[in-house]
$ cat input09.cif   # mmCIF, C-alpha atoms
data_upload
#
loop_
_atom_site.group_PDB
_atom_site.id
_atom_site.type_symbol
_atom_site.label_atom_id
_atom_site.label_comp_id
_atom_site.auth_asym_id
_atom_site.auth_seq_id
_atom_site.Cartn_x
_atom_site.Cartn_y
_atom_site.Cartn_z
ATOM 1 C CA MET X 87 21.750 168.244 146.458
ATOM 2 C CA ASN X 88 24.657 167.270 148.686
ATOM 3 C CA GLY X 89 28.191 168.556 148.353
ATOM 4 C CA HIS X 90 29.563 165.614 146.415
ATOM 5 C CA ILE X 91 29.899 165.619 142.652
ATOM 6 C CA THR X 92 27.391 163.639 140.602
ATOM 7 C CA VAL X 93 28.273 161.308 137.728
ATOM 8 C CA GLU X 94 26.932 163.845 135.215
ATOM 9 C CA GLU X 95 28.985 166.646 136.789
ATOM 10 C CA ARG X 96 32.081 164.440 136.792
ATOM 11 C CA THR X 97 31.590 163.875 133.053
ATOM 12 C CA MET X 98 31.327 167.636 132.514
ATOM 13 C CA LEU X 99 34.473 168.157 134.582
ATOM 14 C CA ARG X 100 36.327 165.531 132.535
ATOM 15 C CA ASP X 101 35.242 167.168 129.298
ATOM 16 C CA TYR X 102 36.210 170.611 130.595
ATOM 17 C CA ILE X 103 39.686 169.286 131.422
ATOM 18 C CA LEU X 104 40.096 167.565 128.029
ATOM 19 C CA LEU X 105 38.826 170.330 125.747
ATOM 20 C CA PRO X 106 41.964 172.532 125.959
ATOM 21 C CA HIS X 107 44.101 169.492 125.100
ATOM 22 C CA ILE X 108 41.892 168.722 122.101
ATOM 23 C CA ASP X 109 42.035 172.349 120.986
ATOM 24 C CA ALA X 110 45.849 172.356 121.150
ATOM 25 C CA MET X 111 46.020 169.152 119.098
ATOM 26 C CA VAL X 112 43.698 170.577 116.455
ATOM 27 C CA GLN X 113 45.721 173.801 116.312
ATOM 28 C CA ARG X 114 48.947 171.834 115.767
ATOM 29 C CA SER X 115 47.244 169.925 112.957
ATOM 30 C CA ILE X 116 46.025 173.148 111.345
ATOM 31 C CA ASP X 117 49.532 174.608 111.555
ATOM 32 C CA ASP X 118 51.035 171.449 110.037
ATOM 33 C CA ILE X 119 48.553 171.298 107.178
ATOM 34 C CA GLU X 120 48.964 175.004 106.369
ATOM 35 C CA ARG X 121 52.713 174.471 105.945
ATOM 36 C CA SER X 122 52.165 171.460 103.701
ATOM 37 C CA GLY X 123 51.648 171.341 99.977
ATOM 38 C CA ASN X 124 48.538 169.205 100.371
ATOM 39 C CA VAL X 125 45.949 170.059 97.737
ATOM 40 C CA LEU X 126 43.169 169.620 100.297
ATOM 41 C CA LYS X 127 44.714 171.907 102.896
ATOM 42 C CA ARG X 128 41.867 174.441 102.663
ATOM 43 C CA LEU X 129 39.355 171.684 103.465
ATOM 44 C CA TYR X 130 41.444 170.390 106.374
ATOM 45 C CA ALA X 131 41.969 173.922 107.714
ATOM 46 C CA ALA X 132 38.208 174.579 107.460
ATOM 47 C CA ALA X 133 37.516 171.354 109.358
ATOM 48 C CA GLY X 134 40.027 172.327 112.031
ATOM 49 C CA THR X 135 38.556 175.809 112.371
ATOM 50 C CA TYR X 136 35.032 174.381 112.638
ATOM 51 C CA ILE X 137 36.168 171.933 115.330
ATOM 52 C CA GLN X 138 37.895 174.718 117.276
ATOM 53 C CA ARG X 139 34.680 176.771 117.223
ATOM 54 C CA GLN X 140 32.755 173.767 118.543
ATOM 55 C CA ILE X 141 35.364 173.237 121.274
ATOM 56 C CA ALA X 142 35.082 176.904 122.322
ATOM 57 C CA GLU X 143 31.287 176.640 122.387
ATOM 58 C CA ASP X 144 31.395 173.414 124.421
ATOM 59 C CA THR X 145 33.918 174.958 126.827
ATOM 60 C CA ARG X 146 31.678 178.006 127.427
ATOM 61 C CA ARG X 147 28.618 175.793 127.915
ATOM 62 C CA ILE X 148 30.349 173.445 130.354
ATOM 63 C CA ARG X 149 31.937 176.336 132.284
ATOM 64 C CA ALA X 150 28.456 177.854 132.764
ATOM 65 C CA GLU X 151 26.985 174.509 133.843
ATOM 66 C CA LEU X 152 29.786 173.918 136.345
ATOM 67 C CA LYS X 153 29.322 177.424 137.728
ATOM 68 C CA ARG X 154 25.564 176.845 138.016
ATOM 69 C CA ALA X 155 26.308 173.611 139.932
ATOM 70 C CA ASN X 156 28.676 175.566 142.228
ATOM 71 C CA ILE X 157 31.758 173.644 141.086
ATOM 72 C CA ARG X 158 34.960 175.649 140.946
ATOM 73 C CA ILE X 159 38.215 174.377 139.419
ATOM 74 C CA LEU X 160 41.202 175.213 141.598
ATOM 75 C CA GLY X 161 44.128 173.831 139.603
ATOM 76 C CA ASP X 162 45.925 170.921 137.978
ATOM 77 C CA GLU X 163 48.818 168.769 139.098
ATOM 78 C CA HIS X 164 50.744 166.254 136.990
ATOM 79 C CA THR X 165 52.004 163.222 138.877
ATOM 80 C CA ASP X 166 53.629 160.363 136.980
ATOM 81 C CA PHE X 167 51.085 159.457 134.285
ATOM 82 C CA ILE X 168 48.070 161.064 135.950
ATOM 83 C CA LEU X 169 46.628 164.559 135.647
ATOM 84 C CA TYR X 170 44.913 165.516 138.899
ATOM 85 C CA THR X 171 42.454 168.404 138.995
ATOM 86 C CA GLU X 172 41.618 169.973 142.326
ATOM 87 C CA PHE X 173 38.134 171.461 142.537
ATOM 88 C CA ASN X 174 35.606 172.661 145.045
ATOM 89 C CA CYS X 175 32.140 171.146 144.761
ATOM 90 C CA ARG X 176 29.502 173.069 146.706
ATOM 91 C CA GLY X 177 31.972 173.854 149.454
ATOM 92 C CA TYR X 178 33.687 170.463 149.555
ATOM 93 C CA PRO X 179 37.237 170.075 148.229
ATOM 94 C CA GLU X 180 37.683 167.173 145.818
ATOM 95 C CA ARG X 181 40.287 165.798 143.445
ATOM 96 C CA PHE X 182 39.738 164.207 140.042
ATOM 97 C CA GLY X 183 42.391 162.153 138.261
ATOM 98 C CA LEU X 184 42.782 161.178 134.618
ATOM 99 C CA THR X 185 45.476 158.812 133.391
ATOM 100 C CA ARG X 186 47.204 159.533 130.077
ATOM 101 C CA ASP X 187 45.646 156.422 128.548
ATOM 102 C CA VAL X 188 42.141 157.511 129.537
ATOM 103 C CA MET X 189 42.857 161.020 128.244
ATOM 104 C CA ARG X 190 44.053 159.653 124.889
ATOM 105 C CA ALA X 191 41.002 157.416 124.544
ATOM 106 C CA GLU X 192 38.552 160.178 125.465
ATOM 107 C CA ILE X 193 40.287 162.679 123.172
ATOM 108 C CA SER X 194 40.033 160.187 120.309
ATOM 109 C CA VAL X 195 36.308 159.706 120.953
ATOM 110 C CA ARG X 196 35.675 163.462 121.140
ATOM 111 C CA LEU X 197 37.696 164.209 117.994
ATOM 112 C CA THR X 198 35.774 161.514 116.139
ATOM 113 C CA GLN X 199 32.513 163.154 117.221
ATOM 114 C CA TYR X 200 33.663 166.598 116.101
ATOM 115 C CA VAL X 201 34.832 165.281 112.726
ATOM 116 C CA ALA X 202 31.505 163.468 112.248
ATOM 117 C CA GLU X 203 29.630 166.705 113.034
ATOM 118 C CA PHE X 204 31.741 168.544 110.452
ATOM 119 C CA GLY X 205 31.065 165.813 107.889
ATOM 120 C CA ALA X 206 27.332 166.075 108.558
ATOM 121 C CA LYS X 207 27.480 169.860 108.048
ATOM 122 C CA ILE X 208 29.323 169.404 104.734
ATOM 123 C CA ALA X 209 26.769 166.804 103.596
ATOM 124 C CA GLU X 210 23.926 169.142 104.584
ATOM 125 C CA VAL X 211 25.428 171.977 102.529
ATOM 126 C CA GLY X 212 25.945 169.581 99.611
ATOM 127 C CA LYS X 213 22.267 168.623 99.631
ATOM 128 C CA ARG X 214 21.188 172.273 99.502
ATOM 129 C CA GLY X 215 23.651 173.168 96.752
#
$ encode --input "input09.cif" --output "structure tokens"
Amino acid sequence: MNGHITVEERTMLRDYILLPHIDAMVQRSIDDIERSGNVLKRLYAAAGTYIQRQIAEDTRRIRAELKRANIRILGDEHTDFILYTEFNCRGYPERFGLTRDVMRAEISVRLTQYVAEFGAKIAEVGKRG
């Protein structure tokens, strides 16, 4: 394995960068719904809590995989509409950039996946009950 990052590792790095942003968005939504008078707020809060647990689990898993691949995140830098992440990949310094538009699109895809997982869990419980 050479010092340069693979496509799979780049995907893990992207996800690792996005997960804290997704978690913050979910937390804001939970806070908003808890302040509301919505009759379904317990369901929405449960969904948010489930998604946050999945995000934490995914973050731990990806962190371990990056460590195993000898990839170390050094820091972030915001420039214009791009978030750059500096990292060291097996001894080689590299930089990874994500535009805001790409971040929004990827966050939307990931949130949709998490919500679908929650829906599947609810359906599974419904079948047993």
$ resolve_selection --input "input09.cif" --expression "the PyMOL selection byres ((chain X and resi 88) around 12)" --output "mmCIF file with C-alpha atoms, keeping the file's coordinate frame"
data_model
loop_
_atom_site.group_PDB
_atom_site.id
_atom_site.type_symbol
_atom_site.label_atom_id
_atom_site.label_comp_id
_atom_site.auth_asym_id
_atom_site.auth_seq_id
_atom_site.Cartn_x
_atom_site.Cartn_y
_atom_site.Cartn_z
ATOM 1 C CA MET X 87 21.750 168.244 146.458
ATOM 2 C CA GLY X 89 28.191 168.556 148.353
ATOM 3 C CA HIS X 90 29.563 165.614 146.415
ATOM 4 C CA ILE X 91 29.899 165.619 142.652
ATOM 5 C CA THR X 92 27.391 163.639 140.602
ATOM 6 C CA ALA X 155 26.308 173.611 139.932
ATOM 7 C CA ASN X 156 28.676 175.566 142.228
ATOM 8 C CA CYS X 175 32.140 171.146 144.761
ATOM 9 C CA ARG X 176 29.502 173.069 146.706
ATOM 10 C CA GLY X 177 31.972 173.854 149.454
ATOM 11 C CA TYR X 178 33.687 170.463 149.555
#
$ resolve_selection --input "input09.cif" --expression "the PyMOL selection byres ((chain X and resi 157-170) around 6)" --output "JSON, numbers by chain"
{"X": [152, 153, 155, 156, 171, 172, 173, 174, 175, 182, 183, 184, 185, 186]}
$ atom_distance --input "input09.cif" --atom1 "atom CA of X:Met189" --atom2 "atom CA of X:Arg128"
28.9 Å
$ atom_distance --input "input09.cif" --atom1 "atom CA of X:Ala206" --atom2 "atom CA of X:Met111"
21.7 Å
$ residues_around --input "input09.cif" --residues "X:Val201" --least-positions-apart "2" --cutoff "12 Å" --atoms "all atoms listed in the file" --output "PyMOL selection string"
chain X and resi 112+130+132-138+140-141+194-199+203-208
$ closest_residue --input "input09.cif" --among "X:Ala131, X:Leu99, X:Val93, X:Ile108" --to "X:Ile193" --atoms "all atoms listed in the file"
X:Ile108
$ atom_distance --input "input09.cif" --atom1 "atom CA of X:Glu94" --atom2 "atom CA of X:Pro179"
17.7 Å
$ closest_residue --input "input09.cif" --among "X:Lys213, X:His107, X:Arg96, X:Arg190" --to "X:Glu151" --atoms "all atoms listed in the file"
X:Arg96
$ axis_aligned_box --input "input09.cif" --around "stretch 148-162 of chain X" --padding-each-side "8 Å" --output "lines of an AutoDock Vina configuration file"
center_x = 35.7
center_y = 174.4
center_z = 136.3
size_x = 36.4
size_y = 22.9
size_z = 27.9
$ closest_residue --input "input09.cif" --among "X:Leu104, X:Leu126, X:Ile116, X:Met98" --to "X:Glu192" --atoms "all atoms listed in the file"
X:Leu104
$ closest_residue --input "input09.cif" --among "X:Ile119, X:Ala142, X:Ile148, X:Ala209" --to "X:Thr97" --atoms "only C-alpha atoms"
X:Ile148
$ closest_residue --input "input09.cif" --among "X:Lys127, X:Arg121, X:Arg181, X:Tyr200" --to "X:Asp109" --atoms "only C-alpha atoms"
X:Tyr200
